[in-house]
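Working notes for the structure below.
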Amino acid sequence: MEAEIGQSVSERFQRYVRYDTQSAEESKTYPSTEKQKDLGRRLAEELGELGLRDATIDQHGYVTATLTSNMDRVVPTIGLIAHMDTSPDVSGKNVNPIVHKNYSGQDIVLPGDSTQILRLSETPELKEQLGNDIITADGTTLLGADDKSGVAEIMDALCYLTKHPNVKHGTIKVAFTPDEEVGRGVEHFDVRGFGAQFAYTMDGEAISEVENETFCADSARVTFRGVSFHPGYAKGKLANSIKLASEFLEELPKNTDSPETTEKTEGYVHPHTIQGSVEETVVKFIIRDFELEGLKKREESLRALAEETASNHPRSTVRFEVEESYRNMKYVLEKYPEVVEKAIMAVRMAGLQPKLHSIRGGTDGAKLCYMDLPTPNLGSGMHNIHSKLEWISIQDMKKAVEVILNLVKVWSEAPD
Ligand SMILES: [Zn+2]
């Protein structure tokens, strides 16, 4: 029988999630955990078995392969990217995927820990899944749909294309990356060697979403300096940098501009670490805004506040340093509007209502955008990620495969 779209995606997904590929925040190696390569080697083998060219895993754990064009004219080379690692927040060892067939809105009690219950009332996205088959873990681990669903969907789409040589496509580059969850997914990624002109990560949540925006992000380090003196004889001499820092922090907005008071496209400043003694106290911040101008304004007002605080205290000084983290990928994607437009077309062709979405964070794609590879992010169907209640539906994964195939199709119709 002829292979259908999405035929192997559920089987692949359930197989891939059994590999423990948890990455590690504190590790000094690359990839951060060696075990990620176990899945990587398997994927490289499978890509080779499908007949892709140059299927390989390199010393960093990057799995890459090429599906050669079957067209007689040149069209843009596109890349499909997903990450293999899972979050350090929840164990990914001995993941036991369970299929809950024909979901009818009932509570799903996970058998390995009956306190883990997936409820329709707490999970509005489940409303769209009535009648579908939901996959969860057993309650003792995360599922790993983030991002093995993306991996399985790309693999299934490639499998479909290799089985249907009549379907026209340009050259397609594939990459499966390690260490995305620890923010180092593209640290050693060779964009030029990869050879795609545009790429898509399959690493978003709802399958109708096209993510074309991330925060602009910086970190700031505010160093207050005081004067240390023997406390018994310190009158008029000692300046306590700890008190200075707390005075400064006390002046930050209380009901706005913080992670705990903002959502959607609102930015914030967020002190996350403080360390100090009488002589020197350092406060570290992350600063976020969707607009670069807004980011700079936040930094300037933070700097002004720090300087004003210090100026009220003789013998005290402050140093304010900013370091760039990443930038909103829209500034790059705006220069290549066809990349997002084609993603929107591909979603619509799958019968879904496309939604542009902004990520309140960064992605590997955001970094790739600034490494000369414009890369928006598409939804793979994953939900409740980084938790034991993570889930995905088989029907959504099949739809996501359809979106990938549509994307391949619309690019094959593009002029070079
Ligand atoms: Zn992810």
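As shown in the structure tokens, the chain order sets the letters A, B, ...; within each chain, residues go from 1, and ligands are also counted from 1 in the order they appear.
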Can you tell me which residues sit at most 12 Å away from ligand 1, counting only C-alpha atoms and all ligand atoms, written as an MDAnalysis selection string? chainID A and resid 22:23 81:88 144:151 176:183 185 201:205 359 361:365 377:386
Using only C-alpha atoms, determine which residues lie at most 12 Å from region 127-131 of chain A, disregarding the query and same-chain residues fewer than 6 positions distant; provide the list as a ChimeraX atom specification. /A:100-106,119-121,206-207,381,383,391-396
To test your reading of the structure, identify every residue in region 154-193 of chain A that backbone DSSP assigns to alpha helix (DSSP H), and report it as a PyMOL selection string. chain A and resi 154-163+191-193
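For the set A:Asp58, A:Glu45, A:Asp133, A:Glu251, the residue with the smallest atom-to-atom gap to Pro31 (chain A) is A:Asp58, counting only C-alpha atoms.
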Need the shell around region 240-242 of chain A: protein/DNA/RNA residues with any atom at most 12 Å away, counting only C-alpha atoms. Skip same-chain ones fewer than 6 positions apart. Format as a count of residues only? 32
Kindly provide the residues of region 54-101 of chain A that approach region 366-376 of chain A to within 10 Å, each paired with its closest atom pair and their distance in Å to one decimal, based on only C-alpha atoms, listed by chain and increasing number, as a Markdown table.
| residue | atom | partner | partner_atom | distance |
| --- | --- | --- | --- | --- |
| A:Ile78 | CA | A:Thr375 | CA | 9.8 |
| A:Gly79 | CA | A:Thr375 | CA | 8.6 |
| A:Leu80 | CA | A:Thr375 | CA | 9.2 |
| A:Ile81 | CA | A:Thr375 | CA | 9.1 |
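Taking only region 99-172 of chain A, the residues that DSSP calls strand (DSSP E or B) from the backbone come to Val99, His100, Ile108, Val109, Ile117, Leu118, Ile134, Ile135, Thr136 and Ile172 of chain A.
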Selected residues written out with C-alpha atoms, as a compact mmCIF listing (two decimals), in the first residue's frame:
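result-v3.txt, freshly written:
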# COMPACT_ATOMS: atom_id res chain seq x y z
CA VAL A 99 -1.77 6.65 23.66
CA HIS A 100 -5.20 7.68 24.94
CA ILE A 108 -6.62 11.69 31.90
CA VAL A 109 -5.01 10.26 35.05
CA ILE A 117 -4.07 14.56 35.90
CA LEU A 118 -4.64 16.21 32.54
CA ILE A 134 -3.58 11.96 22.80
CA ILE A 135 -0.10 10.83 23.75
CA THR A 136 1.24 11.51 27.26
CA ILE A 172 16.10 20.06 1.28
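Nearest-residue note for Val74 (chain A): choosing from A:His169, A:Leu356, A:Tyr336, A:Val90, the minimum distance belongs to A:His169, counting only C-alpha atoms.
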